[in-house]
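Structure file upload_29.txt (compact mmCIF, C-alpha atoms) is printed below.
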# COMPACT_ATOMS: atom_id res chain seq x y z
CA MET A 123 2.38 -5.69 21.03
CA LEU A 124 0.94 -2.30 20.26
CA SER A 125 2.46 -2.22 16.79
CA ALA A 126 1.04 -5.68 16.10
CA LEU A 127 -2.37 -4.45 17.22
CA VAL A 128 -2.25 -1.36 15.02
CA ILE A 129 -0.98 -3.10 11.90
CA VAL A 130 -3.35 -6.06 12.14
CA PHE A 131 -6.27 -3.72 12.89
CA ARG A 132 -5.55 -1.54 9.88
CA GLU A 133 -5.29 -4.46 7.52
CA ALA A 134 -8.27 -6.24 9.08
CA ILE A 135 -10.68 -3.35 8.61
CA GLU A 136 -9.68 -3.03 4.98
CA ALA A 137 -10.46 -6.66 4.24
CA GLY A 138 -13.36 -6.72 6.72
CA LEU A 139 -15.22 -3.79 5.20
CA ILE A 140 -15.14 -5.46 1.81
CA ILE A 141 -16.43 -8.69 3.34
CA GLY A 142 -19.19 -6.73 5.11
CA ILE A 143 -20.33 -5.14 1.86
CA VAL A 144 -20.27 -8.48 0.06
CA LEU A 145 -22.33 -10.07 2.84
CA ALA A 146 -24.84 -7.23 2.73
CA ALA A 147 -25.04 -7.38 -1.05
CA THR A 148 -25.83 -11.08 -0.95
CA GLN A 149 -28.39 -10.78 1.83
CA GLY A 150 -30.86 -13.64 1.62
CA VAL A 151 -28.90 -15.66 -0.90
CA ALA A 152 -28.45 -19.35 -0.22
CA ARG A 153 -24.98 -20.68 0.55
CA ARG A 154 -23.40 -17.24 0.56
CA ALA A 155 -21.64 -17.91 3.87
CA TRP A 156 -19.94 -20.87 2.28
CA TYR A 157 -18.66 -18.82 -0.64
CA VAL A 158 -17.47 -15.99 1.59
CA ALA A 159 -15.71 -18.47 3.86
CA LEU A 160 -14.11 -20.01 0.79
CA GLY A 161 -12.87 -16.58 -0.22
CA VAL A 162 -11.45 -15.88 3.24
CA PHE A 163 -9.77 -19.26 3.40
CA GLY A 164 -8.29 -18.90 -0.09
CA GLY A 165 -7.13 -15.40 0.77
CA VAL A 166 -5.36 -16.50 3.96
CA LEU A 167 -3.69 -19.34 2.12
CA GLY A 168 -2.66 -17.02 -0.69
CA ALA A 169 -1.37 -14.45 1.80
CA CYS A 170 0.97 -17.01 3.34
CA LEU A 171 2.22 -17.99 -0.12
CA VAL A 172 2.75 -14.35 -1.13
CA ALA A 173 4.64 -13.67 2.09
CA ALA A 174 6.79 -16.75 1.61
CA PHE A 175 7.73 -15.69 -1.89
CA ALA A 176 7.94 -11.93 -1.27
CA GLY A 177 11.56 -11.83 -2.40
CA GLU A 178 10.89 -13.69 -5.64
CA LEU A 179 7.83 -11.59 -6.31
CA ALA A 180 9.77 -8.36 -5.88
CA SER A 181 12.61 -9.40 -8.16
CA ALA A 182 10.31 -10.56 -10.94
CA PHE A 183 9.65 -8.13 -13.79
CA GLN A 184 12.62 -5.88 -13.30
CA ASP A 185 12.10 -5.28 -9.65
CA SER A 186 8.54 -4.12 -9.93
CA GLY A 187 6.82 -7.50 -9.79
CA GLN A 188 5.20 -6.59 -6.49
CA GLU A 189 3.52 -3.52 -7.97
CA LEU A 190 2.43 -5.46 -11.04
CA PHE A 191 1.05 -8.23 -8.84
CA ASN A 192 -0.89 -5.80 -6.66
CA ALA A 193 -2.27 -3.95 -9.65
CA THR A 194 -3.30 -7.21 -11.33
CA ILE A 195 -5.24 -8.58 -8.39
CA LEU A 196 -6.89 -5.20 -7.80
CA LEU A 197 -8.03 -5.07 -11.42
CA LEU A 198 -9.25 -8.66 -11.09
CA ALA A 199 -11.38 -7.53 -8.14
CA VAL A 200 -12.67 -4.56 -10.17
CA ALA A 201 -13.68 -6.93 -12.98
CA MET A 202 -15.44 -9.28 -10.54
CA LEU A 203 -17.29 -6.43 -8.83
CA THR A 204 -18.37 -5.11 -12.20
CA TRP A 205 -19.63 -8.51 -13.23
CA HIS A 206 -21.58 -8.83 -10.00
CA ASN A 207 -23.18 -5.41 -10.32
CA VAL A 208 -24.09 -5.92 -13.95
CA TRP A 209 -25.53 -9.34 -13.25
CA MET A 210 -27.51 -7.95 -10.35
CA ALA A 211 -28.77 -5.10 -12.52
CA SER A 212 -30.11 -7.53 -15.08
CA HIS A 213 -31.90 -9.55 -12.41
CA GLY A 214 -32.25 -6.77 -9.90
CA ARG A 215 -35.86 -5.79 -10.42
CA GLN A 216 -36.98 -9.34 -9.92
CA MET A 217 -34.57 -9.89 -7.07
CA ALA A 218 -35.70 -6.80 -5.20
CA ARG A 219 -39.32 -7.94 -5.37
CA GLU A 220 -38.69 -11.51 -4.36
CA LEU A 221 -35.57 -11.12 -2.31
CA LYS A 222 -36.55 -13.85 0.08
CA ALA A 223 -37.97 -16.21 -2.52
CA ALA A 224 -36.33 -19.59 -2.42
CA GLY A 225 -36.35 -20.07 -6.18
CA LEU A 226 -34.27 -16.99 -6.77
CA GLU A 227 -31.81 -17.88 -4.09
CA VAL A 228 -31.00 -21.00 -5.98
CA ALA A 229 -30.96 -19.17 -9.30
CA MET A 230 -28.52 -16.62 -7.95
CA GLY A 231 -26.63 -19.58 -6.54
CA SER A 232 -23.11 -19.92 -7.73
CA ARG A 233 -23.13 -17.35 -10.52
CA THR A 234 -21.98 -14.13 -9.01
CA LEU A 235 -21.20 -15.70 -5.66
CA MET A 236 -18.03 -17.13 -7.17
CA ALA A 237 -17.10 -13.65 -8.36
CA LEU A 238 -17.67 -12.23 -4.90
CA SER A 239 -15.75 -15.13 -3.42
CA ILE A 240 -12.80 -14.03 -5.53
CA VAL A 241 -13.23 -10.41 -4.41
CA VAL A 242 -13.16 -11.49 -0.77
CA GLY A 243 -10.17 -13.73 -1.42
CA VAL A 244 -8.27 -10.95 -3.14
CA ALA A 245 -8.99 -8.50 -0.32
CA VAL A 246 -7.81 -10.95 2.32
CA LEU A 247 -4.80 -11.87 0.19
CA ARG A 248 -3.61 -8.28 -0.16
CA GLU A 249 -4.06 -7.22 3.43
CA GLY A 250 -3.14 -10.61 4.84
CA SER A 251 0.22 -10.93 3.15
CA GLU A 252 1.42 -7.75 4.86
CA VAL A 253 0.28 -9.04 8.23
CA VAL A 254 2.01 -12.36 7.67
CA LEU A 255 5.27 -10.66 6.63
CA PHE A 256 5.15 -8.36 9.62
CA LEU A 257 4.32 -11.02 12.19
CA TYR A 258 6.83 -13.44 10.72
CA GLY A 259 9.56 -10.80 10.72
CA ILE A 260 8.97 -9.98 14.38
CA ALA A 261 8.69 -13.61 15.39
CA ALA A 262 11.85 -14.54 13.49
CA GLN A 263 13.89 -12.08 15.50
CA GLY A 264 12.78 -13.77 18.67
CA GLY A 265 13.26 -10.57 20.62
CA THR A 266 9.70 -9.64 21.35
CA SER A 267 7.58 -12.09 23.24
CA GLY A 268 5.47 -14.37 21.11
CA ALA A 269 2.60 -14.01 23.55
CA GLY A 270 2.52 -10.23 23.25
CA LEU A 271 2.62 -10.50 19.49
CA ALA A 272 -0.20 -13.01 19.40
CA LEU A 273 -2.25 -10.93 21.83
CA GLY A 274 -1.72 -7.73 19.83
CA GLY A 275 -2.57 -9.50 16.60
CA ALA A 276 -5.70 -11.07 18.06
CA LEU A 277 -6.89 -7.76 19.54
CA GLY A 278 -6.28 -6.00 16.23
CA LEU A 279 -8.15 -8.69 14.34
CA GLY A 280 -11.01 -8.54 16.85
CA ALA A 281 -11.27 -4.75 16.65
CA GLY A 282 -11.21 -4.91 12.86
CA ALA A 283 -13.97 -7.52 12.92
CA VAL A 284 -16.10 -5.32 15.21
CA VAL A 285 -15.83 -2.33 12.86
CA SER A 286 -16.66 -4.55 9.90
CA ALA A 287 -19.64 -6.06 11.71
CA LEU A 288 -20.95 -2.58 12.56
CA MET A 289 -20.73 -1.72 8.88
CA TYR A 290 -22.57 -4.91 7.96
CA PHE A 291 -25.40 -4.42 10.46
CA GLY A 292 -25.60 -0.77 9.51
CA LEU A 293 -26.24 -1.83 5.94
CA LEU A 294 -28.81 -4.38 7.04
CA ALA A 295 -30.76 -1.63 8.80
CA ILE A 296 -31.53 -0.27 5.34
CA PRO A 297 -34.96 -1.44 4.12
CA ALA A 298 -34.66 -4.45 1.84
CA HIS A 299 -35.98 -2.73 -1.26
CA ARG A 300 -33.33 -0.03 -0.98
CA LEU A 301 -30.52 -2.29 0.09
CA PHE A 302 -29.89 -3.38 -3.48
CA ALA A 303 -29.44 0.18 -4.70
CA VAL A 304 -27.19 1.03 -1.76
CA THR A 305 -24.94 -2.01 -2.12
CA SER A 306 -24.72 -1.49 -5.89
CA GLY A 307 -23.59 2.06 -5.26
CA LEU A 308 -21.11 0.97 -2.60
CA ILE A 309 -19.69 -1.72 -4.85
CA THR A 310 -19.31 0.79 -7.66
CA LEU A 311 -17.33 3.15 -5.44
CA LEU A 312 -15.36 0.24 -4.00
CA ALA A 313 -14.39 -0.84 -7.51
CA ALA A 314 -13.54 2.72 -8.54
CA GLY A 315 -11.27 3.10 -5.53
CA MET A 316 -9.56 -0.19 -6.34
CA ALA A 317 -9.02 0.86 -9.94
CA ALA A 318 -7.45 4.12 -8.79
CA GLN A 319 -5.18 2.23 -6.44
CA ALA A 320 -4.21 -0.21 -9.16
CA VAL A 321 -3.15 2.77 -11.28
CA LEU A 322 -1.02 4.07 -8.42
CA PHE A 323 0.71 0.69 -8.17
CA LEU A 324 1.37 0.73 -11.93
CA GLN A 325 2.84 4.21 -11.55
CA ASN A 326 4.98 3.23 -8.58
CA GLY A 327 6.17 0.25 -10.58
CA GLY A 328 7.11 2.52 -13.47
CA TYR A 329 4.54 1.03 -15.87
CA ILE A 330 2.52 4.22 -16.22
CA THR A 331 4.66 7.28 -16.40
CA VAL A 332 2.12 9.98 -17.15
CA PHE A 333 -0.11 12.08 -14.92
CA PHE A 334 1.96 11.29 -11.84
CA ASP A 335 1.68 14.67 -10.11
CA SER A 336 -0.86 15.24 -7.38
CA VAL A 337 -3.82 17.33 -8.48
CA TRP A 338 -4.94 18.43 -5.03
CA ASN A 339 -4.07 17.71 -1.44
CA THR A 340 -6.64 17.38 1.33
CA SER A 341 -4.36 15.78 3.92
CA TRP A 342 -4.87 18.85 6.12
CA LEU A 343 -8.56 17.94 6.25
CA LEU A 344 -8.35 14.18 6.49
CA ALA A 345 -5.08 12.29 6.35
CA GLU A 346 -5.31 9.07 4.40
CA ASP A 347 -3.32 7.15 7.01
CA SER A 348 -5.63 8.12 9.88
CA ILE A 349 -8.23 5.54 10.83
CA PRO A 350 -11.20 7.49 9.36
CA GLY A 351 -9.08 8.16 6.27
CA LYS A 352 -8.30 4.47 5.98
CA LEU A 353 -11.98 3.59 6.28
CA LEU A 354 -12.95 6.03 3.59
CA HIS A 355 -10.05 4.87 1.46
CA THR A 356 -11.39 1.32 1.48
CA LEU A 357 -15.04 2.28 1.10
CA ILE A 358 -14.96 4.98 -1.54
CA GLY A 359 -11.30 5.10 -2.54
CA TYR A 360 -10.53 8.32 -0.64
CA THR A 361 -7.01 9.53 -1.38
CA ASP A 362 -5.75 12.77 0.12
CA ALA A 363 -3.50 13.68 -2.80
CA PRO A 364 -4.65 11.88 -5.94
CA ASN A 365 -2.90 12.27 -9.26
CA LEU A 366 -4.63 12.75 -12.58
CA ALA A 367 -4.27 9.12 -13.68
CA GLN A 368 -5.97 7.96 -10.47
CA ILE A 369 -8.81 10.41 -10.91
CA LEU A 370 -9.30 9.30 -14.51
CA ALA A 371 -9.31 5.63 -13.52
CA TYR A 372 -11.80 6.36 -10.75
CA LEU A 373 -14.19 8.24 -13.00
CA ALA A 374 -13.79 5.78 -15.86
CA THR A 375 -14.71 2.86 -13.59
CA ILE A 376 -17.85 4.61 -12.37
CA ALA A 377 -18.81 5.54 -15.93
CA MET A 378 -18.21 2.01 -17.19
CA MET A 379 -20.13 0.42 -14.34
CA TRP A 380 -23.04 2.82 -14.74
CA THR A 381 -23.22 2.34 -18.50
CA LEU A 382 -23.07 -1.45 -18.32
CA MET A 383 -25.68 -1.62 -15.59
CA ARG A 384 -27.99 0.60 -17.60
CA LEU A 385 -27.48 -1.35 -20.80
CA VAL A 386 -28.07 -4.70 -19.17
CA GLY A 387 -30.63 -3.65 -16.62
CA ARG A 388 -32.89 -1.81 -19.05
CA PRO A 389 -36.29 -3.51 -19.11
CA ALA A 390 -37.98 -4.43 -22.38
CA PRO A 391 -39.01 -1.02 -23.72
CA LYS A 392 -42.79 -1.03 -23.49
CA VAL A 393 -43.10 2.56 -22.48
CA PRO A 394 -40.89 4.93 -24.46
CA ARG A 395 -38.50 6.64 -22.12
CA PRO A 396 -36.71 9.92 -22.60
CA ALA A 397 -33.25 9.35 -23.95
CA PRO A 398 -30.66 9.94 -21.23
CA ALA A 399 -28.48 12.97 -21.76
CA GLU A 400 -25.06 11.59 -22.44
CA MET B 286 -12.24 0.08 -17.30
CA LYS B 287 -10.29 -2.72 -18.84
CA LYS B 288 -10.25 -0.84 -22.09
CA PHE B 289 -9.07 2.25 -20.33
CA ILE B 290 -6.28 0.38 -18.57
CA ALA B 291 -5.26 -1.38 -21.75
CA LEU B 292 -5.22 1.92 -23.55
CA SER B 293 -3.19 3.66 -20.88
CA LEU B 294 -0.81 0.75 -20.87
CA LEU B 295 -0.38 0.96 -24.62
CA LEU B 296 0.17 4.68 -24.47
CA ALA B 297 2.32 4.91 -21.42
CA VAL B 298 4.10 1.63 -20.96
CA SER B 299 7.74 1.88 -21.39
CA ALA B 300 10.17 -0.34 -19.62
CA PRO B 301 10.20 1.16 -16.12
CA ALA B 302 11.68 4.58 -16.75
CA LEU B 303 15.11 5.27 -15.43
CA ALA B 304 14.72 8.34 -13.30
CA ASP B 305 18.32 9.44 -13.05
CA ILE B 306 20.52 7.40 -10.80
CA PRO B 307 18.75 6.03 -7.72
CA VAL B 308 19.69 7.22 -4.27
CA VAL B 309 20.95 4.19 -2.39
CA VAL B 310 19.56 3.74 1.11
CA THR B 311 20.59 0.85 3.30
CA LEU B 312 18.45 -0.68 6.00
CA LYS B 313 20.33 -2.42 8.77
CA ASP B 314 19.21 -3.23 12.32
CA HIS B 315 15.91 -1.63 11.29
CA LYS B 316 17.49 1.77 10.72
CA PHE B 317 17.75 3.66 7.44
CA SER B 318 21.12 4.95 6.41
CA PRO B 319 21.15 7.69 5.36
CA SER B 320 17.88 8.57 7.02
CA THR B 321 17.73 11.99 5.41
CA ILE B 322 17.49 11.85 1.65
CA ARG B 323 17.75 14.94 -0.50
CA VAL B 324 16.13 14.94 -3.91
CA LYS B 325 15.54 17.63 -6.49
CA ALA B 326 12.14 19.22 -6.23
CA ASN B 327 9.65 18.97 -9.10
CA GLN B 328 11.23 16.01 -10.79
CA PRO B 329 10.82 12.28 -10.27
CA SER B 330 13.46 10.40 -8.37
CA MET B 331 14.16 6.90 -7.21
CA ILE B 332 15.42 5.31 -4.02
CA LYS B 333 17.12 1.96 -4.13
CA LEU B 334 16.50 0.38 -0.76
CA ILE B 335 18.93 -2.36 0.23
CA ASN B 336 17.57 -4.38 3.11
CA LYS B 337 20.45 -5.97 5.00
CA ASP B 338 18.22 -7.27 7.75
CA ALA B 339 16.98 -10.83 7.70
CA SER B 340 13.34 -9.76 8.01
CA ALA B 341 11.16 -8.07 5.44
CA GLU B 342 10.39 -4.39 5.74
CA GLU B 343 7.73 -2.21 4.25
CA PHE B 344 8.89 1.19 3.04
CA ASP B 345 5.81 3.17 3.90
CA SER B 346 5.09 6.82 3.38
CA PRO B 347 1.62 8.32 3.19
CA ALA B 348 3.27 11.60 2.21
CA LEU B 349 5.07 10.02 -0.72
CA LYS B 350 2.15 7.68 -1.56
CA VAL B 351 4.40 4.67 -1.47
CA GLU B 352 4.03 1.28 0.16
CA LYS B 353 6.67 -1.17 -0.90
CA VAL B 354 7.66 -4.41 0.73
CA VAL B 355 11.34 -5.28 0.50
CA ALA B 356 12.14 -8.84 1.54
CA GLY B 357 14.98 -9.63 3.92
CA ASN B 358 18.48 -9.54 2.41
CA SER B 359 17.31 -8.12 -0.88
CA SER B 360 16.66 -4.77 -2.46
CA GLY B 361 13.86 -2.85 -4.09
CA ASN B 362 13.33 0.34 -6.02
CA VAL B 363 11.02 3.00 -4.65
CA ARG B 364 9.79 5.44 -7.28
CA ILE B 365 9.04 8.93 -6.11
CA ARG B 366 6.89 11.31 -8.09
CA ALA B 367 7.86 14.92 -8.75
CA LEU B 368 7.60 16.60 -5.37
CA PRO B 369 6.97 20.22 -4.48
CA PRO B 370 9.75 21.46 -2.16
CA GLY B 371 9.18 20.16 1.34
CA LYS B 372 9.78 17.39 3.84
CA TYR B 373 8.26 13.95 3.31
CA PRO B 374 8.68 11.52 6.20
CA PHE B 375 8.83 7.79 5.58
CA MET B 376 9.19 4.75 7.80
CA GLY B 377 9.68 1.05 7.85
CA GLU B 378 6.22 0.06 8.88
CA PHE B 379 7.21 -3.27 10.38
CA HIS B 380 9.73 -1.62 12.71
CA ALA B 381 8.39 1.88 13.03
CA ALA B 382 10.10 2.47 16.38
CA THR B 383 13.56 2.67 14.80
CA ALA B 384 13.09 2.72 11.03
CA GLN B 385 12.37 6.39 10.37
CA GLY B 386 13.55 8.75 7.69
CA VAL B 387 12.68 11.80 5.67
CA VAL B 388 12.90 12.83 2.04
CA ILE B 389 13.71 16.49 1.55
CA ALA B 390 12.81 17.91 -1.84
CA GLU B 391 14.61 21.16 -2.60
This structure in structure tokens:
Amino acid sequence: MLSALVIVFREAIEAGLIIGIVLAATQGVARRAWYVALGVFGGVLGACLVAAFAGELASAFQDSGQELFNATILLLAVAMLTWHNVWMASHGRQMARELKAAGLEVAMGSRTLMALSIVVGVAVLREGSEVVLFLYGIAAQGGTSGAGLALGGALGLGAGAVVSALMYFGLLAIPAHRLFAVTSGLITLLAAGMAAQAVLFLQNGGYITVFFDSVWNTSWLLAEDSIPGKLLHTLIGYTDAPNLAQILAYLATIAMMWTLMRLVGRPAPKVPRPAPAE
Amino acid sequence: MKKFIALSLLLAVSAPALADIPVVVTLKDHKFSPSTIRVKANQPSMIKLINKDASAEEFDSPALKVEKVVAGNSSGNVRIRALPPGKYPFMGEFHAATAQGVVIAE
């Protein structure tokens, strides 16, 4: 029961934090709950499918199909988060002023919500498939009591939901006009962390063979597998012993996001502005 | 980002590199055998995990930076980066009570 609690909790906070950020980022947007629910539902469904075909997935692509799959869906999430941030940057000024205006809610409507729906789905899919495999494996053995397993799983899911809700309400406590900047920043770091993790999967799968050695190691300070480490890993991509390829991917994602948001979000140049130092 | 990934892929993709001959580790009754694996320090290595149990297992090691699910009655390759000399514990996350092991780089 305890192992079910711990595993489900760990996976639930990872998916839950992402959902919390998405909900905060879409504060005041019409029909967002529907899109988030769609993402969660699709993710759960996908997780069951992934678990059911785990063997086939692993044997595809010379035994590293699983790594390729993980890397692909992470990069898909990075692309979707980038799209969302860039879109928000181009409409952000207006949005921030009229956050609660009904017209804008409709305008925002299904454009980036679908992208965020996919991000939520992908997060649930990744974390969920592990939970499904684990629970199925235990249940299939029949040894441990089904009730204990269900109880542990439910408690873990509940605890994960509480942490995610705290995160969400914490974000909501930020004044509305700053919320946009904060969630944009969070999404940027979220995406950077995902990109770095995607690179690690590609390395573990043997697709990237360079820069594989750890550059530093801060596990003495904060171990990545501890609960705070796990939280930071999801939120900002904290890794206690990153390798050079991960660091490059992380920085490149931030740079790309920042550049695109600036390019798109730049208002019509009425007042000449000092050129940014590149 | 996409450009960067595409570029890195172009530069670095080879068919998954053969890092010597893999060390074969068998998982049965949720126990690794052998549970102590010796690899050469400072060079990449590979573990071929054969799961003889009916249920899936996740080879999990924060120290090795690896999380790899191996389905029941199948096998999977776990790539290990060049390690400084030391001990690197790993476990089967789905049955952590019994599935424990350690990689020793020397």
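Residue nearest chain B within the list A:Phe333, A:Tyr360, A:Phe256, A:Phe323: A:Phe256 [criterion: smallest interatomic distance, all atoms listed in the file].
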- Task: Would you give me, as a VMD selection string, the residues of chain A that come within 6 Å of chain B, using only C-alpha atoms?
- Result: chain A and resid 176 to 177 256 259 326 328 to 330 375
- Task: Tell me which protein, DNA and RNA residues are within 6 Å of stretch 146-163 of chain A, counting all atoms listed in the file, leaving out same-chain ones fewer than 2 positions away, and put them as JSON, numbers by chain.
- Result: {"A": [143, 144, 165, 166, 222, 227, 239, 240, 242, 243, 305]}
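We find atom CA of B:Glu391 and atom CA of B:Ser330 to be spaced 12.3 Å apart.
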- Which one of A:Ser348, A:Ser181, A:Gln368, A:Thr204 sits closest to A:Gln325 if you count only C-alpha atoms? A:Gln368
- Coordinates-based distance that separates atom CA of A:Ile369 from atom CA of A:Val337 (Å, one decimal):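 It comes out at 8.9 Å.
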- Message: Taking all atoms listed in the file into account, name the residue in B:Asp345, B:Lys337, B:Ala384, B:Tyr373 that is nearest to B:Lys316.
- Response: B:Ala384
- Item | Computed interatomic separation between atom CA of B:Lys313 and atom CA of A:Leu324 (Å) |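 Distance reported for this atom pair: 28.2 Å.
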- Task: Considering all atoms listed in the file, return as number ranges by chain whatever protein or nucleic-acid residues lie within 8 Å of B:Arg323, sequence-local ones (same chain, fewer than 6 positions apart) excluded.
- Result: B: 388-391
- Query: With all atoms listed in the file as the basis for distance, which of A:Leu354, A:Ala180, A:Ala134, A:Ile129 is at the shortest distance from A:Ala281?
  - Reply: A:Ala134
- Message: Set the distance at 10 Å and use all atoms listed in the file: which residues neighbour A:Leu366 once local chain neighbours fewer than 3 positions away are removed? I'd like the list as a ChimeraX atom specification.
- Response: /A:318,332-338,363,369-372
